[in-house]
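Q: Once you've had a glance at the structure underneath, I'll fire off some questions.
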Amino acid sequence: MMSKINVRGASAWMSMALAMGFASMTMAASDQTTTWNGKVPPLATPWTADVSPRNALPDYPRPQLARPSLEHPQWISLNGLWQYAPSDGQGVPPFGQTLKDQVLVPYPIESVLSGVQKHSDYMFYRRQVDIPAAFTAHGQRVRLNFGAVDDDATVYINGTQVAHHTGGYTSFSADITQALRPHGPQEIIVAVHAPVDGANVMVGKQRLKPEGIFYTAASGIWQSVWLEPVPCTSLAQLNFTPVRTLDAFTVTATLHGRSEGATLHVTAYADGKTVGEASGPAGHALHLAIAHPHLWSPNDPFLYTFKATLTRGDQRDEVTSYAGLRTIAIGKVNGRNRIVLNGKPTFLLATLDQGYWPDGIYTAPTDAALKFDIQKTKDLGFNTIRKHIKVEPARWYYWADRIGLMVWQDMPALPTGSNDKLSDADKAAFRANVSAIVDQLKGETSIIGWIPFNEGWGQWSIPAAAELAAQIKQRDPSRLVDARSGANCCDTKGDPHAGDVYDVHDYQGPGLPSPDATRAAIDGEHGGLTLGIPGHVWPNTPINPYGAVKDRAALTDGYVANTAVLRDKGVPKGMSGSVYTQITDVEGEHNGLFTYDRKIEKVDEAKVRAINEATIRAGGQP
């Protein structure tokens, strides 16, 4: 007897269809879900109707550097309705002008949840906000924070430019104190240029003309925006890097403001009890020894919590953070190079996760939705996710850290076909964005490896992959680098013979690469078995017959057989991991284990979990 998926919004006929293995499903679902402004989404998720201007992603956006107090909240979410206007890119910002249209931030303008549902290369956002007097009391500074804006953003406060940021996948903030008026509402204007694949910028799978394996664009503000007061010298970032002996963290801090004379004190807690303390100059790394270390792994995703206090003169900045104690490396196991977690061999069994939503495109409708994909990946017995050519909001990594999934983090690709058209400036911008992404995410416990290039997309030469691998490794020596995922695939550039991992793609596969003299081996993409469910696919996309199966039972059997090859042949060859395509359908791709709307699980969860757990055990689960 099959279990019903426990997601709100699944109707009775869906449950019957599950029980019948989809064999009799010929009619589209009747979905009358509407969004906050009455628009009917092209395809609704169970969370679509939960989104409104009053509760647009209200959770604190940055769990690893959190300042909110439960008694006296010290931040203001600016998610919600902003005024909006498309632009031709030629006009001056509309200072003091009311814009006639509205957009729900932080959903990209192409999404139904934004209320706009249309792309523009240029656009203006405008909002007025009252800032509490307490935010500027005692010499405090007010910072305006953006999770991400695609792609180029210029920010004005009361007509004064306070920030300019390029790169659609990295956060930025600005001290806006000097631009504030003494009284009354403060005007915020954000001018955005979003060329998508019309320029040689990091774009991932976004396209102005989506089709096949490329999807709808996600332009403008697509991650949370918020205000918070901070001292003149404040913490901008905290990183906790486990030492190789797995009994301490190296703590490094990045500051806003002057660092001379600033002292950092960090206390570590395990289950509420103090297990370590360290103090020292804020500009130097601290060694934070941990009593009775408790390691992080997918089987036991234990997280330490931290309280950090930055002191300079009579100023104090207090934040909370968290991290897991774990290492990842390449080690010799029976004479072969294998990936080892905490010094023990493991098989990194992953799904490809592209992070697209039919209602929010790049932005999950709610935090519960953001958590859903990660939790279901874990429920299905996987221990790893390949986050495919996209960077997620900080809360996605928080859930991966907490639920216990290792993450291969891709760099968002340049447009396909751009390889021979890149200027030196394009290449320099890509390198800079790679460094910025690594710097932003290197505190996340779940991330165990970086992938700069996928199948050569935007890779301007064979040495480029080796160059980027070295650049990343220098910036973050604590993680693995897969210099090019799909070294055997799709063009003539081939294997760069660099990094820590040799990675092939094989559909349906799986590929069975062997480790070489310096690298472990994985199949970075395989599977792709296709089952489209009428009523649960993106409109006007034909069901791709590539790798087609007839029903749920056939999809389950195909997945089990595919993964059994990894268990029976891949592990004995010394493989260290694989990536199955994919966790959910996405627009024109119908090869997910879930439908794009997340309403139907297309496989037998128990059978998938059983073969996955057997494969991980065979690979030496730590």
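Naming scheme: A, B, ... for chains in displayed order of the structure tokens; residues 1 onward per chain; ligands 1 onward as shown.
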Could you please write out, as JSON, numbers by chain, every residue of region 344-570 of chain A that DSSP assigns to strand (DSSP E or B)?
A: {"A": [344, 345, 348, 349, 350, 351, 352, 353, 357, 361, 384, 385, 386, 387, 406, 407, 408, 409, 410, 447, 448, 449, 450, 451, 454, 480, 481, 485, 501, 502, 503, 504, 505, 506, 520, 521, 522, 523, 524, 525, 526, 527, 530, 548]}
Q: Which residues, written as a list of chain:residue names, have at least one atom at most 9 Å from Val571 (chain A), with only C-alpha atoms counted and residues fewer than 2 positions away on the same chain left out?
A: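 Here the qualifying residues turn out to be A:Phe347, A:Leu512, A:Val565, A:Leu566, A:Arg567, A:Asp568, A:Lys569, A:Lys573, A:Gly574, A:Met575, A:Ser576, A:Gly577, A:Thr615, A:Ala618, A:Gly619.
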Q: Just checking: using only C-alpha atoms, which residue out of A:Gly147, A:Gly509, A:Gly360, A:Gly592 ends up closest to Trp226 (chain A)?
A: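 For Trp226 (chain A), the nearest of the candidates is A:Gly147.
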Q: Find the residue from A:Gly257, A:Gly204, A:Pro477, A:Pro539 that sits nearest to Pro452 (chain A); use only C-alpha atoms when measuring.
A: A:Gly204
Q: So which one's closest to Thr377 (chain A), A:Val560, A:Ala425, A:Leu352, A:Val391? Using only C-alpha atoms, please.
A: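 Among the listed residues, the smallest separation from Thr377 (chain A) belongs to A:Leu352.
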Q: Which residue is closest to Asp503 (chain A)? Choose from A:Ala470, A:Val579, A:Val434, A:Ala270 and count only C-alpha atoms.
A: A:Val579
Q: Just the residues within 12 Å of Gln161 (chain A), please, counting only C-alpha atoms, with nothing from its chain fewer than 6 positions along; format it as a PDB file with N, CA, C and O atoms, in the first residue's frame.
A:
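Now in selection-v4.pdb:
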ATOM      1  N   PRO A  93      16.989  57.888 -12.256  1.00  0.00           N
ATOM      2  CA  PRO A  93      16.093  57.249 -11.278  1.00  0.00           C
ATOM      3  C   PRO A  93      14.916  58.157 -10.927  1.00  0.00           C
ATOM      4  O   PRO A  93      15.059  59.388 -10.900  1.00  0.00           O
ATOM      5  N   PHE A  95      13.444  59.772  -8.603  1.00  0.00           N
ATOM      6  CA  PHE A  95      13.487  60.316  -7.252  1.00  0.00           C
ATOM      7  C   PHE A  95      12.205  61.089  -6.954  1.00  0.00           C
ATOM      8  O   PHE A  95      11.787  61.950  -7.727  1.00  0.00           O
ATOM      9  N   ALA A 153      23.113  46.163  -9.796  1.00  0.00           N
ATOM     10  CA  ALA A 153      22.207  46.965  -8.970  1.00  0.00           C
ATOM     11  C   ALA A 153      22.895  48.225  -8.470  1.00  0.00           C
ATOM     12  O   ALA A 153      24.027  48.170  -7.986  1.00  0.00           O
ATOM     13  N   THR A 154      22.192  49.343  -8.587  1.00  0.00           N
ATOM     14  CA  THR A 154      22.639  50.605  -8.002  1.00  0.00           C
ATOM     15  C   THR A 154      21.577  51.059  -7.013  1.00  0.00           C
ATOM     16  O   THR A 154      20.383  51.113  -7.357  1.00  0.00           O
ATOM     17  N   VAL A 155      22.000  51.373  -5.789  1.00  0.00           N
ATOM     18  CA  VAL A 155      21.062  51.672  -4.704  1.00  0.00           C
ATOM     19  C   VAL A 155      21.203  53.132  -4.301  1.00  0.00           C
ATOM     20  O   VAL A 155      22.323  53.631  -4.094  1.00  0.00           O
ATOM     21  N   ALA A 174      25.107  48.070   2.484  1.00  0.00           N
ATOM     22  CA  ALA A 174      25.596  49.447   2.458  1.00  0.00           C
ATOM     23  C   ALA A 174      25.256  50.124   3.766  1.00  0.00           C
ATOM     24  O   ALA A 174      24.171  49.922   4.336  1.00  0.00           O
ATOM     25  N   ASP A 175      26.193  50.936   4.248  1.00  0.00           N
ATOM     26  CA  ASP A 175      25.929  51.823   5.382  1.00  0.00           C
ATOM     27  C   ASP A 175      25.197  53.040   4.823  1.00  0.00           C
ATOM     28  O   ASP A 175      25.754  53.821   4.046  1.00  0.00           O
ATOM     29  N   ILE A 176      23.937  53.191   5.200  1.00  0.00           N
ATOM     30  CA  ILE A 176      23.112  54.249   4.619  1.00  0.00           C
ATOM     31  C   ILE A 176      22.913  55.425   5.576  1.00  0.00           C
ATOM     32  O   ILE A 176      22.153  56.349   5.285  1.00  0.00           O
ATOM     33  N   GLN A 178      24.532  58.119   6.563  1.00  0.00           N
ATOM     34  CA  GLN A 178      24.772  59.505   6.160  1.00  0.00           C
ATOM     35  C   GLN A 178      23.735  60.023   5.170  1.00  0.00           C
ATOM     36  O   GLN A 178      23.553  61.242   5.034  1.00  0.00           O
ATOM     37  N   ALA A 179      23.066  59.107   4.483  1.00  0.00           N
ATOM     38  CA  ALA A 179      22.079  59.525   3.482  1.00  0.00           C
ATOM     39  C   ALA A 179      20.674  59.681   4.062  1.00  0.00           C
ATOM     40  O   ALA A 179      19.758  60.088   3.348  1.00  0.00           O
ATOM     41  N   LEU A 180      20.501  59.364   5.344  1.00  0.00           N
ATOM     42  CA  LEU A 180      19.162  59.418   5.940  1.00  0.00           C
ATOM     43  C   LEU A 180      18.745  60.844   6.255  1.00  0.00           C
ATOM     44  O   LEU A 180      19.562  61.679   6.677  1.00  0.00           O
ATOM     45  N   GLU A 187      13.446  57.342   1.343  1.00  0.00           N
ATOM     46  CA  GLU A 187      13.191  56.785   0.026  1.00  0.00           C
ATOM     47  C   GLU A 187      14.342  55.879  -0.405  1.00  0.00           C
ATOM     48  O   GLU A 187      15.496  56.289  -0.422  1.00  0.00           O
ATOM     49  N   ILE A 188      14.005  54.637  -0.745  1.00  0.00           N
ATOM     50  CA  ILE A 188      14.974  53.690  -1.289  1.00  0.00           C
ATOM     51  C   ILE A 188      14.632  53.445  -2.749  1.00  0.00           C
ATOM     52  O   ILE A 188      13.483  53.122  -3.074  1.00  0.00           O
ATOM     53  N   ILE A 189      15.609  53.598  -3.631  1.00  0.00           N
ATOM     54  CA  ILE A 189      15.430  53.261  -5.052  1.00  0.00           C
ATOM     55  C   ILE A 189      16.553  52.314  -5.454  1.00  0.00           C
ATOM     56  O   ILE A 189      17.729  52.551  -5.131  1.00  0.00           O
ATOM     57  N   VAL A 190      16.187  51.239  -6.127  1.00  0.00           N
ATOM     58  CA  VAL A 190      17.162  50.290  -6.656  1.00  0.00           C
ATOM     59  C   VAL A 190      16.989  50.247  -8.170  1.00  0.00           C
ATOM     60  O   VAL A 190      15.909  49.913  -8.673  1.00  0.00           O
ATOM     61  N   ALA A 191      18.036  50.626  -8.888  1.00  0.00           N
ATOM     62  CA  ALA A 191      18.050  50.549 -10.352  1.00  0.00           C
ATOM     63  C   ALA A 191      18.769  49.271 -10.750  1.00  0.00           C
ATOM     64  O   ALA A 191      19.886  49.007 -10.295  1.00  0.00           O
TER      65      ALA A 191
END
Q: Return as a Markdown table the residues of region 345-448 of chain A lying at most 9 Å from region 210-225 of chain A, together with the closest atom-to-atom pair for each and the distance in Å to one decimal, counting only C-alpha atoms, with rows in chain order and ascending residue number.
A:
| residue | atom | partner | partner_atom | distance |
| --- | --- | --- | --- | --- |
| A:Tyr356 | CA | A:Tyr215 | CA | 8.7 |
| A:Gly360 | CA | A:Ala218 | CA | 8.7 |
| A:Ile361 | CA | A:Ala218 | CA | 6.4 |
| A:Tyr362 | CA | A:Ala218 | CA | 5.9 |
| A:Thr363 | CA | A:Trp222 | CA | 6.2 |
| A:Glu392 | CA | A:Gln223 | CA | 8.8 |
| A:Pro393 | CA | A:Gln223 | CA | 6.6 |
Q: If you run DSSP on this backbone, which residues of region 441-611 of chain A come out as alpha helix (DSSP H), and could you give them as a PyMOL selection string?
A: chain A and resi 441+462-475+552-565+605-611
